[in-house]
Amino acid sequence: VDIFSNALMVKFFNNHKRELSVVDEETEKVKNFESAINYYFFIAWLIYSFTFLIVQIASFYILVQQYKFAQINAAGFAFVWGMNTALVNVLWRILRDLTLFPEYYFSVKESLIILFEKITIIDKEEKVLSIEEKKGEIVFHNVTFGFDEQAQVFKNLSILIRPQEKLALVGYSGSGKTTFLNLLLRLYEPQEGSITIGGVNIATISLESLYKNISIIPQDSGLFYRTIKDNISYAFPNKDISKDLIDSALDFAVLKDFVDGLPLKEDTIIGERG
């Protein structure tokens with residue numbers, strides 16, 4: 001679940017493939033678990049159904065015999081039979097409700113289908129930025145973008161950002177500062193115009209290469225429901241990060257003493273959002 005609330009962090013750290021594999025692995029576990037649950041509940045239903053039938057027949061037979069030999073009157077007969085039936089009905093409903101639990105799997109499955117719907121922003125080519133292109137200018141060429149026709153954020157926006165130049169975007173809320181960055185990250189595509197890095201249109205650059213070459217410090221710090229170590233090493237999913245590097249990061253964040261005081265230290269699980 002934490003990948004949904006941290007969707008932008010997944011994109012910024014270019015960990016789509018890693019998270020997809022995690023989702024596939026967890027989904028397979030859920031599917032296997034639910035299949036086993038369905039099987040055992042089916043067996044339980046059979047056993048309970050036969051038991052229910054036998055108990056009801058036996059109870060009715062005993063009550064008839066007692067009534068026949070005047071060991072119980074009509075009122076007692078009705079009371080005992082009613083209590084017996086009510087108890088059996090309660091047990092029946094409990095088991096029925098428990099069997100509804102596996103249906104949650106299908107709800108999860110439907111949600112995952114929505115999650116993996118074909119996206120509109122895709123890699124048209126597998127072009128990777130070269131070292132020379134990385135050092136080039138970032139240029140917005142007559143970029144037009146809006147969330148609908150009546151509310152355009154940018155109209156024929158042209159801007160040049162030179163190598164090593166520092167640029168601050170200042171404006172009122174809703175003026176397009178975040179949208180400007182999202183266009184550069186290809187979270188949105190321009191409706192008109194183009195954006196280039198080192199003379200290369202970013203629409204032709206693979207998303208993996210693009211995200212690898214852009215560093216972002218988000219306003220909100222995203223934390224995953226994983227260990228402290230996993231969160232620190234999130235930018236290096238395929239590498240075995242040394243403890244020295246983890247300690248160095250904790251020292252830099254002034255968290256080393258706090259983490260060392262935890263029972264599991266850097267292996268402590270962080271709750272979602274911390």
# chains A, B, ... in the order shown; residues from 1 in each chain; ligands from 1
$ residues_around --residues "segment 242-248 of chain A" --least-positions-apart "3" --cutoff "7 Å" --atoms "only C-alpha atoms" --output "JSON, numbers by chain"
{"A": [229, 232, 251, 252, 256]}
$ residues_around --residues "segment 233-237 of chain A" --least-positions-apart "4" --cutoff "10 Å" --atoms "only C-alpha atoms" --output "VMD selection string"
chain A and resid 9 to 10 12 to 15 17 to 19 212 223 to 224 227 to 229 241 to 242 245 to 246 249
$ closest_residue --among "A:Phe140, A:Tyr48, A:Trp81, A:Tyr172" --to "Gly199 of chain A" --atoms "only C-alpha atoms"
A:Phe140
$ closest_residue --among "A:Asp230, A:Gly271, A:His141, A:Glu165" --to "Ile202 of chain A" --atoms "only C-alpha atoms"
A:His141
$ select_by_dssp --residues "segment 42-254 of chain A" --states "strand (DSSP E or B)" --output "ChimeraX atom specification"
/A:127,138-148,151-161,192-197,200-201,205,227
$ write_last_selection --atoms "C-alpha atoms" --output "PDB file, in the first residue's frame"
ATOM      1  CA  LYS A 127      17.452   6.729 -25.833  1.00  0.00           C
ATOM      2  CA  ILE A 138      17.395  22.893 -20.649  1.00  0.00           C
ATOM      3  CA  VAL A 139      15.066  24.645 -23.054  1.00  0.00           C
ATOM      4  CA  PHE A 140      11.286  25.000 -23.119  1.00  0.00           C
ATOM      5  CA  HIS A 141      10.291  25.696 -26.738  1.00  0.00           C
ATOM      6  CA  ASN A 142       6.877  27.400 -27.006  1.00  0.00           C
ATOM      7  CA  VAL A 143       5.366  24.992 -24.487  1.00  0.00           C
ATOM      8  CA  THR A 144       1.599  25.046 -24.071  1.00  0.00           C
ATOM      9  CA  PHE A 145      -0.074  22.989 -21.353  1.00  0.00           C
ATOM     10  CA  GLY A 146      -3.341  23.020 -19.480  1.00  0.00           C
ATOM     11  CA  PHE A 147      -5.466  20.597 -17.511  1.00  0.00           C
ATOM     12  CA  ASP A 148      -8.421  21.543 -19.706  1.00  0.00           C
ATOM     13  CA  ALA A 151      -7.630  26.570 -17.823  1.00  0.00           C
ATOM     14  CA  GLN A 152      -4.269  26.672 -19.571  1.00  0.00           C
ATOM     15  CA  VAL A 153      -1.300  26.871 -17.232  1.00  0.00           C
ATOM     16  CA  PHE A 154       1.276  27.773 -19.898  1.00  0.00           C
ATOM     17  CA  LYS A 155       0.765  29.320 -23.314  1.00  0.00           C
ATOM     18  CA  ASN A 156       3.763  29.368 -25.675  1.00  0.00           C
ATOM     19  CA  LEU A 157       6.199  29.325 -22.745  1.00  0.00           C
ATOM     20  CA  SER A 158       9.839  29.600 -23.788  1.00  0.00           C
ATOM     21  CA  ILE A 159      12.667  29.554 -21.278  1.00  0.00           C
ATOM     22  CA  LEU A 160      16.384  28.783 -21.362  1.00  0.00           C
ATOM     23  CA  ILE A 161      18.250  27.319 -18.364  1.00  0.00           C
ATOM     24  CA  GLU A 192       2.216  21.971 -27.872  1.00  0.00           C
ATOM     25  CA  GLY A 193       5.911  22.736 -28.111  1.00  0.00           C
ATOM     26  CA  SER A 194       8.813  20.700 -26.768  1.00  0.00           C
ATOM     27  CA  ILE A 195      11.312  20.466 -23.926  1.00  0.00           C
ATOM     28  CA  THR A 196      14.952  19.633 -24.645  1.00  0.00           C
ATOM     29  CA  ILE A 197      18.009  18.760 -22.597  1.00  0.00           C
ATOM     30  CA  VAL A 200      17.502  16.316 -27.200  1.00  0.00           C
ATOM     31  CA  ASN A 201      13.712  16.267 -26.904  1.00  0.00           C
ATOM     32  CA  ILE A 205      14.518   9.985 -23.824  1.00  0.00           C
ATOM     33  CA  THR A 227      12.999  -0.825   7.581  1.00  0.00           C
TER      34      THR A 227
END
$ atom_distance --atom1 "atom CA of Thr178 of chain A" --atom2 "atom CA of Ser206 of chain A"
21.6 Å
$ atom_distance --atom1 "atom CA of Phe77 of chain A" --atom2 "atom CA of Val64 of chain A"
8.1 Å
$ atom_distance --atom1 "atom CA of Ser221 of chain A" --atom2 "atom CA of Ser21 of chain A"
23.4 Å
$ closest_residue --among "A:Ala36, A:Val80, A:Ala203, A:Leu53" --to "Gln66 of chain A" --atoms "only C-alpha atoms"
A:Val80
$ select_by_dssp --residues "segment 108-274 of chain A" --states "alpha helix (DSSP H)" --output "MDAnalysis selection string"
chainID A and resid 108:115 131:134 177:184 207:212 228:232 243:252 256:260
$ write_last_selection --atoms "C-alpha atoms" --output "PDB file, in the first residue's frame"
ATOM      1  CA  VAL A 108      -7.626  -6.308  -4.553  1.00  0.00           C
ATOM      2  CA  LYS A 109      -7.301  -7.894  -7.984  1.00  0.00           C
ATOM      3  CA  GLU A 110      -9.658  -5.325  -9.515  1.00  0.00           C
ATOM      4  CA  SER A 111      -7.657  -2.522  -7.907  1.00  0.00           C
ATOM      5  CA  LEU A 112      -4.450  -3.916  -9.373  1.00  0.00           C
ATOM      6  CA  ILE A 113      -6.049  -4.073 -12.818  1.00  0.00           C
ATOM      7  CA  ILE A 114      -6.757  -0.359 -12.532  1.00  0.00           C
ATOM      8  CA  LEU A 115      -3.217   0.246 -11.305  1.00  0.00           C
ATOM      9  CA  ILE A 131      27.508  12.806 -20.823  1.00  0.00           C
ATOM     10  CA  GLU A 132      27.630  15.761 -23.241  1.00  0.00           C
ATOM     11  CA  GLU A 133      23.859  16.033 -23.378  1.00  0.00           C
ATOM     12  CA  LYS A 134      23.616  15.958 -19.595  1.00  0.00           C
ATOM     13  CA  LYS A 177       5.546  26.153 -10.427  1.00  0.00           C
ATOM     14  CA  THR A 178       4.904  22.455  -9.722  1.00  0.00           C
ATOM     15  CA  THR A 179       3.514  21.927 -13.222  1.00  0.00           C
ATOM     16  CA  PHE A 180       6.735  23.338 -14.678  1.00  0.00           C
ATOM     17  CA  LEU A 181       8.752  20.712 -12.807  1.00  0.00           C
ATOM     18  CA  ASN A 182       6.286  17.938 -13.669  1.00  0.00           C
ATOM     19  CA  LEU A 183       6.628  18.755 -17.362  1.00  0.00           C
ATOM     20  CA  LEU A 184      10.390  18.511 -17.066  1.00  0.00           C
ATOM     21  CA  LEU A 207      12.019   7.689 -18.505  1.00  0.00           C
ATOM     22  CA  GLU A 208      14.615   5.569 -16.730  1.00  0.00           C
ATOM     23  CA  SER A 209      17.478   7.644 -18.137  1.00  0.00           C
ATOM     24  CA  LEU A 210      15.633  10.899 -17.475  1.00  0.00           C
ATOM     25  CA  TYR A 211      14.949  10.145 -13.805  1.00  0.00           C
ATOM     26  CA  LYS A 212      18.478   8.872 -13.244  1.00  0.00           C
ATOM     27  CA  ILE A 228      15.092   2.271   8.209  1.00  0.00           C
ATOM     28  CA  LYS A 229      17.833   0.657   6.139  1.00  0.00           C
ATOM     29  CA  ASP A 230      15.474   0.036   3.210  1.00  0.00           C
ATOM     30  CA  ASN A 231      14.326   3.648   3.263  1.00  0.00           C
ATOM     31  CA  ILE A 232      17.860   5.020   3.339  1.00  0.00           C
ATOM     32  CA  LYS A 243      26.626  -0.381   7.032  1.00  0.00           C
ATOM     33  CA  ASP A 244      29.200   2.421   6.953  1.00  0.00           C
ATOM     34  CA  LEU A 245      27.183   4.209   4.284  1.00  0.00           C
ATOM     35  CA  ILE A 246      23.980   3.724   6.281  1.00  0.00           C
ATOM     36  CA  ASP A 247      25.691   5.093   9.412  1.00  0.00           C
ATOM     37  CA  SER A 248      27.039   8.032   7.423  1.00  0.00           C
ATOM     38  CA  ALA A 249      23.539   8.906   6.210  1.00  0.00           C
ATOM     39  CA  LEU A 250      22.159   8.652   9.749  1.00  0.00           C
ATOM     40  CA  ASP A 251      24.954  10.884  11.056  1.00  0.00           C
ATOM     41  CA  PHE A 252      24.223  13.440   8.340  1.00  0.00           C
ATOM     42  CA  LYS A 256      22.467   8.007  14.546  1.00  0.00           C
ATOM     43  CA  ASP A 257      22.011   8.132  18.336  1.00  0.00           C
ATOM     44  CA  PHE A 258      18.241   7.762  18.049  1.00  0.00           C
ATOM     45  CA  VAL A 259      18.457   4.756  15.717  1.00  0.00           C
ATOM     46  CA  ASP A 260      21.168   3.097  17.810  1.00  0.00           C
TER      47      ASP A 260
END
$ closest_residue --among "A:Arg226, A:Val254, A:Phe42, A:Leu63" --to "Asp267 of chain A" --atoms "only C-alpha atoms"
A:Arg226
$ decode --residues "segment 72-92 of chain A" --atoms "N, CA, C and O atoms" --output "PDB file, in the first residue's frame"
ATOM      1  N   ILE A  72     -41.576 -34.632  28.246  1.00  0.00           N
ATOM      2  CA  ILE A  72     -41.543 -33.211  27.922  1.00  0.00           C
ATOM      3  C   ILE A  72     -42.909 -32.837  27.360  1.00  0.00           C
ATOM      4  O   ILE A  72     -43.554 -33.639  26.662  1.00  0.00           O
ATOM      5  N   ASN A  73     -43.392 -31.643  27.710  1.00  0.00           N
ATOM      6  CA  ASN A  73     -44.695 -31.219  27.195  1.00  0.00           C
ATOM      7  C   ASN A  73     -44.515 -30.446  25.880  1.00  0.00           C
ATOM      8  O   ASN A  73     -43.387 -30.225  25.419  1.00  0.00           O
ATOM      9  N   ALA A  74     -45.612 -29.994  25.336  1.00  0.00           N
ATOM     10  CA  ALA A  74     -45.577 -29.303  24.036  1.00  0.00           C
ATOM     11  C   ALA A  74     -44.778 -28.001  24.114  1.00  0.00           C
ATOM     12  O   ALA A  74     -44.019 -27.652  23.204  1.00  0.00           O
ATOM     13  N   ALA A  75     -44.955 -27.265  25.225  1.00  0.00           N
ATOM     14  CA  ALA A  75     -44.235 -25.990  25.380  1.00  0.00           C
ATOM     15  C   ALA A  75     -42.732 -26.223  25.456  1.00  0.00           C
ATOM     16  O   ALA A  75     -41.928 -25.509  24.841  1.00  0.00           O
ATOM     17  N   GLY A  76     -42.340 -27.255  26.232  1.00  0.00           N
ATOM     18  CA  GLY A  76     -40.926 -27.585  26.342  1.00  0.00           C
ATOM     19  C   GLY A  76     -40.354 -28.038  25.018  1.00  0.00           C
ATOM     20  O   GLY A  76     -39.224 -27.695  24.651  1.00  0.00           O
ATOM     21  N   PHE A  77     -41.160 -28.817  24.289  1.00  0.00           N
ATOM     22  CA  PHE A  77     -40.744 -29.279  22.969  1.00  0.00           C
ATOM     23  C   PHE A  77     -40.452 -28.087  22.047  1.00  0.00           C
ATOM     24  O   PHE A  77     -39.412 -28.024  21.386  1.00  0.00           O
ATOM     25  N   ALA A  78     -41.404 -27.142  22.019  1.00  0.00           N
ATOM     26  CA  ALA A  78     -41.246 -25.968  21.149  1.00  0.00           C
ATOM     27  C   ALA A  78     -40.052 -25.115  21.571  1.00  0.00           C
ATOM     28  O   ALA A  78     -39.299 -24.597  20.739  1.00  0.00           O
ATOM     29  N   PHE A  79     -39.869 -24.945  22.888  1.00  0.00           N
ATOM     30  CA  PHE A  79     -38.770 -24.109  23.388  1.00  0.00           C
ATOM     31  C   PHE A  79     -37.409 -24.710  23.022  1.00  0.00           C
ATOM     32  O   PHE A  79     -36.538 -24.020  22.492  1.00  0.00           O
ATOM     33  N   VAL A  80     -37.234 -26.019  23.327  1.00  0.00           N
ATOM     34  CA  VAL A  80     -35.944 -26.670  23.049  1.00  0.00           C
ATOM     35  C   VAL A  80     -35.658 -26.679  21.548  1.00  0.00           C
ATOM     36  O   VAL A  80     -34.537 -26.413  21.108  1.00  0.00           O
ATOM     37  N   TRP A  81     -36.683 -26.994  20.754  1.00  0.00           N
ATOM     38  CA  TRP A  81     -36.477 -27.028  19.300  1.00  0.00           C
ATOM     39  C   TRP A  81     -36.140 -25.632  18.749  1.00  0.00           C
ATOM     40  O   TRP A  81     -35.283 -25.474  17.891  1.00  0.00           O
ATOM     41  N   GLY A  82     -36.808 -24.624  19.285  1.00  0.00           N
ATOM     42  CA  GLY A  82     -36.516 -23.256  18.843  1.00  0.00           C
ATOM     43  C   GLY A  82     -35.114 -22.819  19.211  1.00  0.00           C
ATOM     44  O   GLY A  82     -34.414 -22.194  18.402  1.00  0.00           O
ATOM     45  N   MET A  83     -34.674 -23.116  20.453  1.00  0.00           N
ATOM     46  CA  MET A  83     -33.315 -22.768  20.874  1.00  0.00           C
ATOM     47  C   MET A  83     -32.275 -23.499  20.039  1.00  0.00           C
ATOM     48  O   MET A  83     -31.253 -22.936  19.646  1.00  0.00           O
ATOM     49  N   ASN A  84     -32.549 -24.754  19.770  1.00  0.00           N
ATOM     50  CA  ASN A  84     -31.622 -25.562  18.975  1.00  0.00           C
ATOM     51  C   ASN A  84     -31.481 -24.989  17.565  1.00  0.00           C
ATOM     52  O   ASN A  84     -30.379 -24.843  17.034  1.00  0.00           O
ATOM     53  N   THR A  85     -32.616 -24.640  16.981  1.00  0.00           N
ATOM     54  CA  THR A  85     -32.599 -24.083  15.626  1.00  0.00           C
ATOM     55  C   THR A  85     -31.901 -22.722  15.595  1.00  0.00           C
ATOM     56  O   THR A  85     -31.122 -22.422  14.678  1.00  0.00           O
ATOM     57  N   ALA A  86     -32.154 -21.892  16.608  1.00  0.00           N
ATOM     58  CA  ALA A  86     -31.523 -20.572  16.671  1.00  0.00           C
ATOM     59  C   ALA A  86     -30.006 -20.686  16.798  1.00  0.00           C
ATOM     60  O   ALA A  86     -29.251 -19.963  16.141  1.00  0.00           O
ATOM     61  N   LEU A  87     -29.536 -21.614  17.638  1.00  0.00           N
ATOM     62  CA  LEU A  87     -28.105 -21.806  17.816  1.00  0.00           C
ATOM     63  C   LEU A  87     -27.440 -22.276  16.530  1.00  0.00           C
ATOM     64  O   LEU A  87     -26.380 -21.771  16.143  1.00  0.00           O
ATOM     65  N   VAL A  88     -28.095 -23.216  15.878  1.00  0.00           N
ATOM     66  CA  VAL A  88     -27.547 -23.719  14.615  1.00  0.00           C
ATOM     67  C   VAL A  88     -27.495 -22.606  13.566  1.00  0.00           C
ATOM     68  O   VAL A  88     -26.535 -22.487  12.804  1.00  0.00           O
ATOM     69  N   ASN A  89     -28.541 -21.767  13.531  1.00  0.00           N
ATOM     70  CA  ASN A  89     -28.573 -20.663  12.575  1.00  0.00           C
ATOM     71  C   ASN A  89     -27.446 -19.658  12.828  1.00  0.00           C
ATOM     72  O   ASN A  89     -26.834 -19.129  11.883  1.00  0.00           O
ATOM     73  N   VAL A  90     -27.165 -19.375  14.104  1.00  0.00           N
ATOM     74  CA  VAL A  90     -26.074 -18.451  14.440  1.00  0.00           C
ATOM     75  C   VAL A  90     -24.742 -19.015  13.962  1.00  0.00           C
ATOM     76  O   VAL A  90     -23.930 -18.310  13.345  1.00  0.00           O
ATOM     77  N   LEU A  91     -24.504 -20.290  14.243  1.00  0.00           N
ATOM     78  CA  LEU A  91     -23.259 -20.920  13.800  1.00  0.00           C
ATOM     79  C   LEU A  91     -23.168 -20.928  12.274  1.00  0.00           C
ATOM     80  O   LEU A  91     -22.091 -20.732  11.695  1.00  0.00           O
ATOM     81  N   TRP A  92     -24.293 -21.143  11.621  1.00  0.00           N
ATOM     82  CA  TRP A  92     -24.331 -21.166  10.157  1.00  0.00           C
ATOM     83  C   TRP A  92     -23.941 -19.806   9.589  1.00  0.00           C
ATOM     84  O   TRP A  92     -23.165 -19.699   8.637  1.00  0.00           O
TER      85      TRP A  92
END
